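File shown: target-v3.tsv (TSV, C-alpha atoms).
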```tsv
chain	number	residue	atom	x	y	z
A	1	MET	CA	72.33	11.52	-28.11
A	2	THR	CA	69.89	11.85	-25.21
A	3	VAL	CA	66.24	12.80	-25.61
A	4	LEU	CA	66.81	16.03	-23.67
A	5	VAL	CA	69.59	17.13	-26.02
A	6	LEU	CA	67.42	16.32	-29.04
A	7	ALA	CA	64.57	18.35	-27.54
A	8	LEU	CA	66.85	21.34	-27.01
A	9	ILE	CA	68.27	21.17	-30.54
A	10	ALA	CA	64.85	20.72	-32.17
A	11	GLY	CA	63.35	23.53	-30.11
A	12	ALA	CA	66.20	25.90	-30.99
A	13	VAL	CA	65.89	25.17	-34.72
A	14	ILE	CA	62.11	25.69	-34.70
A	15	GLY	CA	62.43	28.87	-32.65
A	16	LEU	CA	65.06	30.12	-35.09
A	17	ALA	CA	62.66	29.56	-37.98
A	18	LEU	CA	59.82	31.29	-36.13
A	19	GLY	CA	61.94	34.30	-35.29
A	20	ALA	CA	63.40	34.63	-38.77
A	21	LEU	CA	60.25	34.03	-40.79
A	22	GLY	CA	57.53	35.38	-38.50
A	23	GLY	CA	55.30	32.39	-39.19
A	24	GLY	CA	55.36	28.83	-40.40
A	25	GLY	CA	58.21	27.64	-38.23
A	26	SER	CA	55.93	25.84	-35.81
A	27	VAL	CA	54.93	23.44	-38.58
A	28	LEU	CA	58.18	21.58	-37.90
A	29	ALA	CA	57.31	21.01	-34.24
A	30	VAL	CA	54.95	18.09	-34.86
A	31	PRO	CA	57.29	15.98	-37.05
A	32	ALA	CA	60.18	16.71	-34.66
A	33	LEU	CA	58.11	15.48	-31.72
A	34	ILE	CA	57.01	12.36	-33.60
A	35	TYR	CA	60.22	11.24	-35.32
A	36	LEU	CA	62.91	12.57	-32.98
A	37	LEU	CA	61.25	12.38	-29.58
A	38	GLY	CA	58.90	9.42	-29.95
A	39	PHE	CA	55.52	11.13	-29.43
A	40	THR	CA	52.37	9.68	-30.97
A	41	PRO	CA	50.74	11.94	-33.61
A	42	ALA	CA	47.91	12.88	-31.20
A	43	ALA	CA	50.30	13.65	-28.35
A	44	ALA	CA	52.62	15.55	-30.73
A	45	THR	CA	49.85	17.88	-31.94
A	46	THR	CA	48.84	18.57	-28.33
A	47	ALA	CA	52.44	19.20	-27.26
A	48	SER	CA	52.88	21.43	-30.30
A	49	LEU	CA	49.94	23.57	-29.15
A	50	ILE	CA	51.68	24.08	-25.78
A	51	ILE	CA	54.90	25.08	-27.53
A	52	VAL	CA	53.12	27.34	-30.00
A	53	THR	CA	51.14	29.07	-27.25
A	54	ALA	CA	54.23	29.77	-25.15
A	55	THR	CA	56.31	31.09	-28.04
A	56	SER	CA	53.40	33.14	-29.42
A	57	VAL	CA	52.76	34.81	-26.06
A	58	THR	CA	56.45	35.72	-25.80
A	59	ALA	CA	56.53	37.14	-29.32
A	60	LEU	CA	53.18	38.91	-28.76
A	61	TYR	CA	54.69	40.76	-25.81
A	62	ALA	CA	57.56	42.00	-27.99
A	63	HIS	CA	55.22	43.14	-30.77
A	64	THR	CA	52.88	44.82	-28.26
A	65	ARG	CA	55.81	46.78	-26.89
A	66	ASP	CA	56.54	47.98	-30.44
A	67	GLY	CA	52.88	48.92	-31.04
A	68	ASN	CA	52.34	46.33	-33.78
A	69	VAL	CA	49.18	44.65	-32.47
A	70	ALA	CA	45.67	45.67	-33.58
A	71	TRP	CA	43.88	44.40	-30.48
A	72	LYS	CA	40.26	45.03	-31.48
A	73	THR	CA	40.67	43.64	-34.99
A	74	GLY	CA	42.68	40.67	-33.75
A	75	ALA	CA	40.16	39.88	-31.01
A	76	LEU	CA	37.27	39.81	-33.48
A	77	PHE	CA	39.23	37.59	-35.89
A	78	ALA	CA	40.29	35.28	-33.07
A	79	ALA	CA	36.74	35.05	-31.69
A	80	ALA	CA	35.58	33.51	-34.98
A	81	GLY	CA	38.12	30.73	-34.56
A	82	ILE	CA	37.52	29.77	-30.91
A	83	VAL	CA	34.66	27.31	-31.47
A	84	PRO	CA	36.22	25.69	-34.59
A	85	ALA	CA	39.55	25.36	-32.74
A	86	PHE	CA	37.83	23.75	-29.75
A	87	LEU	CA	35.81	21.31	-31.88
A	88	ALA	CA	38.73	20.43	-34.15
A	89	GLY	CA	40.96	19.90	-31.12
A	90	ALA	CA	38.45	17.48	-29.61
A	91	VAL	CA	38.08	15.54	-32.87
A	92	ALA	CA	41.82	15.31	-33.61
A	93	GLY	CA	42.55	13.44	-30.39
A	94	ASN	CA	40.29	10.58	-31.49
A	95	LEU	CA	41.43	10.13	-35.09
A	96	PRO	CA	43.60	7.23	-36.35
A	97	GLU	CA	47.31	8.10	-36.39
A	98	ALA	CA	47.59	7.59	-40.16
A	99	VAL	CA	44.80	10.10	-40.85
A	100	LEU	CA	46.28	12.73	-38.55
A	101	THR	CA	49.79	12.28	-39.96
A	102	SER	CA	48.58	12.42	-43.57
A	103	ALA	CA	46.51	15.57	-42.95
A	104	PHE	CA	49.47	17.23	-41.28
A	105	ALA	CA	51.82	16.32	-44.14
A	106	ILE	CA	49.41	17.83	-46.68
A	107	ILE	CA	49.10	21.08	-44.72
A	108	ALA	CA	52.89	21.23	-44.32
A	109	ALA	CA	53.34	20.80	-48.08
A	110	LEU	CA	50.78	23.55	-48.78
A	111	ALA	CA	52.57	25.85	-46.34
A	112	ALA	CA	55.87	25.18	-48.12
A	113	LEU	CA	54.38	25.87	-51.55
A	114	ARG	CA	52.89	29.10	-50.27
A	115	MET	CA	56.32	30.21	-49.03
A	116	LEU	CA	57.82	29.48	-52.43
A	117	ARG	CA	55.15	31.63	-54.06
A	118	PRO	CA	54.57	34.59	-51.72
A	119	SER	CA	51.11	36.10	-52.00
A	120	ALA	CA	50.79	39.60	-53.33
A	121	SER	CA	47.97	40.35	-50.91
A	122	LYS	CA	46.59	43.87	-51.03
A	123	PRO	CA	44.35	45.63	-48.51
A	124	PRO	CA	40.69	45.28	-49.55
A	125	GLU	CA	38.69	48.26	-50.75
A	126	ARG	CA	35.94	47.27	-48.34
A	127	ILE	CA	36.15	44.86	-45.41
A	128	ARG	CA	33.62	42.03	-45.74
A	129	ARG	CA	32.64	40.68	-42.35
A	130	GLY	CA	31.53	37.36	-43.81
A	131	GLU	CA	34.98	36.75	-45.29
A	132	ALA	CA	36.64	37.79	-42.04
A	133	VAL	CA	34.52	35.36	-40.02
A	134	GLY	CA	35.17	32.57	-42.52
A	135	ALA	CA	38.92	33.15	-42.52
A	136	GLY	CA	39.03	33.29	-38.72
A	137	ALA	CA	37.00	30.08	-38.40
A	138	GLY	CA	39.17	28.28	-40.94
A	139	LEU	CA	42.37	29.26	-39.16
A	140	GLY	CA	40.92	28.13	-35.83
A	141	ALA	CA	40.03	24.73	-37.28
A	142	VAL	CA	43.54	24.22	-38.69
A	143	THR	CA	45.13	25.22	-35.39
A	144	GLY	CA	42.91	22.92	-33.36
A	145	PHE	CA	43.13	19.97	-35.71
A	146	LEU	CA	46.84	19.91	-36.46
A	147	GLY	CA	48.42	21.73	-33.55
A	148	VAL	CA	50.12	24.39	-35.69
A	149	GLY	CA	50.06	28.11	-35.14
A	150	GLY	CA	48.99	28.88	-38.68
A	151	GLY	CA	50.98	32.08	-39.05
A	152	PHE	CA	51.49	31.26	-42.73
A	153	LEU	CA	47.69	31.49	-43.09
A	154	ALA	CA	46.89	34.19	-40.54
A	155	VAL	CA	49.20	36.93	-41.82
A	156	PRO	CA	47.96	37.01	-45.45
A	157	ALA	CA	44.36	36.74	-44.23
A	158	LEU	CA	44.77	39.73	-41.92
A	159	VAL	CA	46.28	41.73	-44.79
A	160	SER	CA	43.91	40.77	-47.60
A	161	VAL	CA	40.67	40.40	-45.61
A	162	LEU	CA	41.00	42.94	-42.79
A	163	GLY	CA	43.32	45.43	-44.46
A	164	LEU	CA	46.14	45.48	-41.89
A	165	ALA	CA	49.62	46.62	-42.86
A	166	MET	CA	52.10	43.73	-42.98
A	167	ARG	CA	53.94	44.64	-39.78
A	168	ARG	CA	50.70	44.93	-37.79
A	169	ALA	CA	49.38	41.76	-39.41
A	170	VAL	CA	52.39	39.79	-38.14
A	171	GLY	CA	51.94	41.13	-34.60
A	172	THR	CA	48.18	40.67	-34.62
A	173	SER	CA	48.46	37.11	-35.95
A	174	LEU	CA	50.25	36.19	-32.71
A	175	LEU	CA	47.18	37.24	-30.73
A	176	VAL	CA	44.94	35.13	-32.99
A	177	ILE	CA	47.27	32.13	-32.76
A	178	THR	CA	47.46	32.37	-28.96
A	179	VAL	CA	43.67	32.45	-28.56
A	180	ASN	CA	43.10	29.58	-31.01
A	181	SER	CA	45.83	27.45	-29.45
A	182	LEU	CA	44.38	27.92	-25.96
A	183	ALA	CA	40.92	26.94	-27.21
A	184	ALA	CA	42.30	23.80	-28.85
A	185	LEU	CA	44.25	22.93	-25.70
A	186	ALA	CA	41.10	23.29	-23.61
A	187	ALA	CA	39.38	20.72	-25.84
A	188	ARG	CA	42.23	18.26	-25.38
A	189	THR	CA	42.66	18.60	-21.64
A	190	GLY	CA	42.58	15.17	-20.02
A	191	THR	CA	42.15	13.30	-23.31
A	192	ASP	CA	45.74	12.80	-24.46
A	193	SER	CA	48.38	10.50	-23.07
A	194	GLY	CA	52.07	10.39	-23.89
A	195	LEU	CA	52.84	13.99	-22.99
A	196	HIS	CA	56.19	14.39	-21.28
A	197	GLY	CA	56.67	17.62	-19.40
A	198	GLU	CA	60.36	16.91	-18.96
A	199	ILE	CA	60.67	17.08	-22.77
A	200	ILE	CA	58.12	19.77	-23.61
A	201	GLY	CA	59.57	22.24	-21.06
A	202	PRO	CA	63.15	22.30	-22.44
A	203	PHE	CA	61.81	22.15	-26.01
A	204	THR	CA	59.67	25.23	-25.40
A	205	GLY	CA	62.44	27.12	-23.62
A	206	ALA	CA	64.87	26.47	-26.48
A	207	ALA	CA	62.24	27.57	-29.02
A	208	ILE	CA	61.67	30.86	-27.20
A	209	LEU	CA	65.41	31.59	-27.03
A	210	GLY	CA	65.87	30.51	-30.64
A	211	ALA	CA	63.17	32.94	-31.76
A	212	TRP	CA	65.23	35.89	-30.50
A	213	ASP	CA	68.25	34.65	-32.47
A	214	GLY	CA	66.01	34.22	-35.48
A	215	LYS	CA	65.10	37.89	-35.41
A	216	ARG	CA	68.79	38.77	-35.56
A	217	LEU	CA	69.34	36.28	-38.38
A	218	ALA	CA	66.57	37.91	-40.40
A	219	THR	CA	68.56	41.16	-40.48
A	220	LYS	CA	71.56	39.43	-42.05
A	221	ILE	CA	69.94	37.15	-44.64
A	222	SER	CA	67.21	38.16	-47.08
A	223	GLY	CA	63.71	37.05	-46.21
A	224	THR	CA	63.28	35.47	-49.65
A	225	THR	CA	66.35	33.26	-49.19
A	226	LEU	CA	65.23	32.18	-45.72
A	227	GLN	CA	61.75	31.32	-46.97
A	228	ARG	CA	63.06	29.24	-49.87
A	229	VAL	CA	65.44	27.26	-47.66
A	230	PHE	CA	62.75	26.63	-45.06
A	231	ALA	CA	60.17	25.73	-47.72
A	232	GLY	CA	62.56	23.14	-49.15
A	233	VAL	CA	63.06	21.56	-45.73
A	234	LEU	CA	59.31	21.57	-45.10
A	235	LEU	CA	58.55	19.88	-48.43
A	236	ALA	CA	61.10	17.18	-47.64
A	237	VAL	CA	59.54	16.60	-44.20
A	238	ALA	CA	56.03	16.44	-45.67
A	239	ALA	CA	57.16	13.90	-48.30
A	240	PHE	CA	58.86	11.78	-45.63
A	241	MET	CA	55.71	11.75	-43.49
A	242	LEU	CA	53.50	10.71	-46.41
A	243	VAL	CA	55.89	7.94	-47.41
A	244	ASP	CA	56.00	6.76	-43.81
A	245	VAL	CA	52.20	6.51	-43.72
A	246	ILE	CA	52.01	4.67	-47.04
A	247	ILE	CA	54.76	2.19	-46.17
```

The structure in this file should be written as structure tokens.
Amino acid sequence: MTVLVLALIAGAVIGLALGALGGGGSVLAVPALIYLLGFTPAAATTASLIIVTATSVTALYAHTRDGNVAWKTGALFAAAGIVPAFLAGAVAGNLPEAVLTSAFAIIAALAALRMLRPSASKPPERIRRGEAVGAGAGLGAVTGFLGVGGGFLAVPALVSVLGLAMRRAVGTSLLVITVNSLAALAARTGTDSGLHGEIIGPFTGAAILGAWDGKRLATKISGTTLQRVFAGVLLAVAAFMLVDVII
């Protein structure tokens, strides 16, 4: 099977997960780029940021059209993450491959566990700006360091810290993810080698198309079932990555 075909298949699967779950699907992009397409961990996290940015912008447009984006709230939340995303992005490109892979595997496992135990987040009685800034900064750091969108972290934070309704939290998280991903990419510009545009382009295109199919899939299968299946796959991938580092 050629690299191009693998890129198209991997992109479609990840886009399908993104569209169906609304967040968390991009976590599979990094291991797919490393183990299927031969990227180094540093190059994979950078390529993942490109893919995440493109798919997030596309989805953001759709949610904007439906009126599900709180622009002012999202901009403030995203602003708190710009500097951490930039700094984390710069640091990640210089770390040993084993450290980067291990950190990613741990975050992937935590994301899977969170999907298996959905948070019962409730809107706060009073919005605390300190908590909002802290949550935004933390999300920015994760995005910059590991090259993931962080939707599995952004959505509950926007609900429980800033009091957004779930539908608006999902749409607004795409704005936050886009800003953080761009900041992290800016930090990595000119520092990473091993990026292959001929692979990233088709991968991204397939992910965008897959996301639309994922939205349709979500109407046919319960969200709980989809989350459990995806969480199981994510746990298996995280375990494989950790074993690969240890061995």

Which residue out of A:Ala59, A:Ala105, A:Ala132, A:Leu76 has the minimum interatomic distance to Val245 (chain A) when all atoms listed in the file are used? A:Ala105

Between CA of Ile177 (chain A) and CA of Leu162 (chain A) - distance in Å to one decimal: 16.0 Å

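Between CA of Arg114 (chain A) and CA of Pro156 (chain A) the separation is 10.5 Å.
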
Within 9 Å of region 201-220 of chain A, which residues of region 30-71 of chain A come that close, and what is the closest atom pair and distance in Å for each? Count all atoms listed in the file and give it as CSV.
```
residue,atom,partner,partner_atom,distance
A:Ile50,CA,A:Thr204,CA,8.1
A:Ile51,CA,A:Thr204,CA,5.2
A:Val52,CA,A:Thr204,CA,8.3
A:Ala54,CA,A:Thr204,CA,7.1
A:Thr55,CA,A:Ile208,CA,5.4
A:Ser56,CA,A:Ile208,CA,8.9
A:Thr58,CA,A:Ile208,CA,7.3
A:Ala59,CA,A:Ala211,CA,8.2
```

List the neighbours of Leu185 (chain A) out to 9 Å using only C-alpha atoms; skip same-chain residues closer than 6 positions along the sequence, and give me the result as a JSON list (two decimals) with C-alpha atoms, in the coordinates of the input.
```json
[["chain", "number", "residue", "atom", "x", "y", "z"],
["A", 46, "THR", "CA", 48.84, 18.57, -28.33],
["A", 49, "LEU", "CA", 49.94, 23.57, -29.15],
["A", 50, "ILE", "CA", 51.68, 24.08, -25.78],
["A", 85, "ALA", "CA", 39.55, 25.36, -32.74],
["A", 86, "PHE", "CA", 37.83, 23.75, -29.75],
["A", 89, "GLY", "CA", 40.96, 19.90, -31.12],
["A", 90, "ALA", "CA", 38.45, 17.48, -29.61],
["A", 144, "GLY", "CA", 42.91, 22.92, -33.36],
["A", 147, "GLY", "CA", 48.42, 21.73, -33.55]]
```

What does the distance between CA of Ser181 (chain A) and CA of Ala238 (chain A) come to in Å, to one decimal place?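 These atoms are spaced 22.1 Å apart.
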
Please identify all polymer residues within 12 Å of Gly81 (chain A), counting only C-alpha atoms, omitting same-chain residues fewer than 4 positions from it, and present them as a PyMOL selection string. chain A and resi 74-77+85-89+132-145+150+154+175-184

For Val30 (chain A): contacts at 7 Å, all atoms listed in the file, fewer than 5 positions along chain excluded, given as an MDAnalysis selection string: chainID A and resid 44:45 48

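Of the residues listed (A:Leu226, A:Leu6, A:Leu164, A:Leu242), A:Leu242 shows the shortest atom-to-atom separation from Leu100 (chain A); distances use all atoms listed in the file.
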
All residues 12 Å or closer to Gly38 (chain A), all atoms listed in the file, same chain fewer than 5 positions away omitted, as a PDB file with C-alpha atoms, in the coordinates of the input:
```
ATOM      1  CA  VAL A   3      66.240  12.800 -25.610  1.00  0.00           C
ATOM      2  CA  LEU A   6      67.420  16.320 -29.040  1.00  0.00           C
ATOM      3  CA  ALA A   7      64.570  18.350 -27.540  1.00  0.00           C
ATOM      4  CA  VAL A  30      54.950  18.090 -34.860  1.00  0.00           C
ATOM      5  CA  PRO A  31      57.290  15.980 -37.050  1.00  0.00           C
ATOM      6  CA  ALA A  32      60.180  16.710 -34.660  1.00  0.00           C
ATOM      7  CA  LEU A  33      58.110  15.480 -31.720  1.00  0.00           C
ATOM      8  CA  ALA A  43      50.300  13.650 -28.350  1.00  0.00           C
ATOM      9  CA  ALA A  44      52.620  15.550 -30.730  1.00  0.00           C
ATOM     10  CA  GLY A 194      52.070  10.390 -23.890  1.00  0.00           C
ATOM     11  CA  LEU A 195      52.840  13.990 -22.990  1.00  0.00           C
ATOM     12  CA  HIS A 196      56.190  14.390 -21.280  1.00  0.00           C
ATOM     13  CA  ILE A 199      60.670  17.080 -22.770  1.00  0.00           C
TER      14      ILE A 199
END
```

Select, from A:Val83, A:Ala10, A:Gly151, A:Ile34, the residue with the minimum atom-to-atom distance to Met115 (chain A), counting all atoms listed in the file. A:Gly151
